[in-house]
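The structure appears below as structure tokens.
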Amino acid sequence: IKKLLLSAQNKYLGQSTATGGLRHERFLKKRASRSLNFELPAGLKFLKEAKGLTIMTRIIAVANQNGGVGKTTCAINIAYGWARMRGTGSALLIDADPQANATSVALGIPFANGPRRAGVGVLFEVLLDRLSVGEVIQTVTVPENYNYPATSLDILPSHLQLAEAEAELMGEFHREYKLKTALAEIQESYEAIFIDCPPSLGVLTMNALLAANEVIIPVEPGVFPLVGIQYLNSTI
């Protein structure tokens with residue numbers, strides 16, 4: 001985890017586009033309208049201001065079709081650790097698991113498993129094109145810890161209702177690209193985006209894999225988990 005966090009020091013550069021700039025401006029306006037304290041990290045600001053340069057966001061899916069291997073634990077701790085080391089607005093955690101355990105940790109069990117709150121969106125609405133990512137993202141406080149001051153982490157929350165997404169998307173064209181398309185609006189605003197995947201290789205995991213440019217596969221030592229990794233590798 002420490003190696004992954006420190007690798008953020010190596011900046012990934014690419015050519016900026018007018019479209020990306022407009023998406024970024026729209027996202028910042030949405031954040032401002034929701035009265036959220038959102039500010040780009042200092043390193044990201046510097047590169048944004050450099051002529052013709054922009055950050056290539058690291059989008060990391062934490063995936064394994066087996067359950068109980070620590071996907072959610074890895075996703076939460078790496079995302080929180082990144083936010084501590086890199087500062088406010090540097091990381092986004094996406095909960096793509098219908099169990100919504102990452103959401104329970106960040107926003108509480110009633111939010112993730114209780115009745116839906118009026119006017120508060122989750123990933124389910126994003127995948128069905130009912131809301132944009134910028135309208136759904138919430139910001140949580142990361143408390144002070146040892147030598148690190150308090151900061152914040154953005155989260156795209158989930159809910160038990162996400163279990164209905166596969167059935168809802170059954171007849172959709174390019175349904176595996178829903179998340180990738182939605183993230184295009186805001187991904188340049190972050191250094192890293194972490195996606196907590198469900199324990200399956202269904203539509204939700206495929207959305208995460210197609211949106212990501214890196215994959216972390218938590219695994220337990222043993223024969224059967226290694227067989228599962230081979231299948232996941234072939235899917236990737």
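In the structure tokens, the first chain shown is A, the next is B, and so on; residue numbers restart at 1 for each chain, and ligands run from 1 in the order shown.
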
DSSP strand (DSSP E) selection over segment 71-191 of chain A, as a PDB file with N, CA and C atoms, in the first residue's frame:
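out13.pdb was written with the following content:
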ATOM      1  N   ALA A  91      -8.614  12.098  -4.290  1.00  0.00           N
ATOM      2  CA  ALA A  91      -9.061  10.726  -4.532  1.00  0.00           C
ATOM      3  C   ALA A  91     -10.586  10.620  -4.494  1.00  0.00           C
ATOM      4  N   LEU A  92     -11.077   9.673  -5.276  1.00  0.00           N
ATOM      5  CA  LEU A  92     -12.506   9.349  -5.307  1.00  0.00           C
ATOM      6  C   LEU A  92     -12.650   7.849  -5.094  1.00  0.00           C
ATOM      7  N   LEU A  93     -13.529   7.446  -4.192  1.00  0.00           N
ATOM      8  CA  LEU A  93     -13.837   6.039  -3.942  1.00  0.00           C
ATOM      9  C   LEU A  93     -15.221   5.734  -4.506  1.00  0.00           C
ATOM     10  N   ILE A  94     -15.302   4.752  -5.400  1.00  0.00           N
ATOM     11  CA  ILE A  94     -16.576   4.348  -6.000  1.00  0.00           C
ATOM     12  C   ILE A  94     -16.978   3.001  -5.426  1.00  0.00           C
ATOM     13  N   ASP A  95     -18.148   2.923  -4.840  1.00  0.00           N
ATOM     14  CA  ASP A  95     -18.664   1.670  -4.302  1.00  0.00           C
ATOM     15  C   ASP A  95     -19.572   1.030  -5.355  1.00  0.00           C
ATOM     16  N   GLN A 138     -20.402  12.476  -2.893  1.00  0.00           N
ATOM     17  CA  GLN A 138     -20.446  13.089  -1.573  1.00  0.00           C
ATOM     18  C   GLN A 138     -19.033  13.168  -1.007  1.00  0.00           C
ATOM     19  N   THR A 139     -18.816  14.086  -0.100  1.00  0.00           N
ATOM     20  CA  THR A 139     -17.506  14.279   0.516  1.00  0.00           C
ATOM     21  C   THR A 139     -17.571  13.919   1.993  1.00  0.00           C
ATOM     22  N   VAL A 140     -16.629  13.076   2.424  1.00  0.00           N
ATOM     23  CA  VAL A 140     -16.573  12.677   3.834  1.00  0.00           C
ATOM     24  C   VAL A 140     -15.264  13.167   4.436  1.00  0.00           C
ATOM     25  N   THR A 141     -15.269  13.407   5.725  1.00  0.00           N
ATOM     26  CA  THR A 141     -14.081  13.884   6.426  1.00  0.00           C
ATOM     27  C   THR A 141     -13.179  12.725   6.808  1.00  0.00           C
ATOM     28  N   VAL A 142     -11.907  12.868   6.544  1.00  0.00           N
ATOM     29  CA  VAL A 142     -10.904  11.903   6.997  1.00  0.00           C
ATOM     30  C   VAL A 142     -10.237  12.524   8.215  1.00  0.00           C
ATOM     31  N   THR A 151      -8.364  15.712   6.504  1.00  0.00           N
ATOM     32  CA  THR A 151      -8.584  16.013   5.092  1.00  0.00           C
ATOM     33  C   THR A 151      -9.951  15.469   4.696  1.00  0.00           C
ATOM     34  N   SER A 152     -10.202  15.283   3.408  1.00  0.00           N
ATOM     35  CA  SER A 152     -11.492  14.767   2.972  1.00  0.00           C
ATOM     36  C   SER A 152     -11.314  13.815   1.800  1.00  0.00           C
ATOM     37  N   LEU A 153     -12.306  12.974   1.621  1.00  0.00           N
ATOM     38  CA  LEU A 153     -12.329  11.988   0.541  1.00  0.00           C
ATOM     39  C   LEU A 153     -13.693  12.038  -0.130  1.00  0.00           C
ATOM     40  N   ASP A 154     -13.707  12.022  -1.453  1.00  0.00           N
ATOM     41  CA  ASP A 154     -14.968  11.973  -2.186  1.00  0.00           C
ATOM     42  C   ASP A 154     -15.382  10.521  -2.389  1.00  0.00           C
ATOM     43  N   ILE A 155     -16.676  10.264  -2.316  1.00  0.00           N
ATOM     44  CA  ILE A 155     -17.188   8.910  -2.507  1.00  0.00           C
ATOM     45  C   ILE A 155     -18.423   8.946  -3.400  1.00  0.00           C
ATOM     46  N   LEU A 156     -18.476   8.003  -4.321  1.00  0.00           N
ATOM     47  CA  LEU A 156     -19.665   7.772  -5.142  1.00  0.00           C
ATOM     48  C   LEU A 156     -20.380   6.586  -4.511  1.00  0.00           C
TER      49      LEU A 156
END

Can you pull out every residue within 10 Å of segment 73-85 of chain A, counting only C-alpha atoms, but drop anything in the same chain fewer than 5 positions away, and send it as an NGL selection string?
-> :A and (1-2 or 4-6 or 8 or 41 or 60-63 or 68 or 90-95 or 101-103 or 105-106 or 141-145 or 147-155 or 191-197 or 216-218)

Step one, run DSSP on the backbone; step two, keep only residues of segment 21-233 of chain A assigned to alpha helix (DSSP H); then write them as a ChimeraX atom specification.
-> /A:21-33,42-49,71-86,101-107,109-113,123-127,133-136,165-168,178-183,203-211,223-233

Mind checking which residues fall within 8 Å of Asn113 of chain A, counting only C-alpha atoms, ignoring those fewer than 2 positions away in the same chain, and posting them as a PDB file with C-alpha atoms, in the first residue's frame?
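So the final result, stored in out.pdb, reads:
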ATOM      1  CA  ALA A 100     -22.535  -1.333  -0.122  1.00  0.00           C
ATOM      2  CA  SER A 104     -21.547   1.832   5.165  1.00  0.00           C
ATOM      3  CA  ILE A 109     -25.194   1.668   7.613  1.00  0.00           C
ATOM      4  CA  PRO A 110     -28.618   3.407   7.433  1.00  0.00           C
ATOM      5  CA  PHE A 111     -27.543   5.211   4.246  1.00  0.00           C
ATOM      6  CA  PRO A 115     -34.662   3.297   2.964  1.00  0.00           C
ATOM      7  CA  HIS A 159     -27.083   1.122  -1.981  1.00  0.00           C
ATOM      8  CA  LEU A 160     -28.684  -2.309  -1.778  1.00  0.00           C
TER       9      LEU A 160
END

Please measure the separation of atom CA of Gly114 of chain A and atom CA of Asp97 of chain A, giving the value in Å to one decimal.
->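 According to the coordinates, atom CA of Gly114 of chain A and atom CA of Asp97 of chain A are separated by 15.5 Å.
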
Kindly indicate which residue among A:Ile59, A:Leu204, A:Ala167, A:Leu127 lies nearest to Ala96 of chain A, using only C-alpha atoms for the distances.
->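 Residue with the minimum atom-to-atom distance to Ala96 of chain A: A:Leu204.
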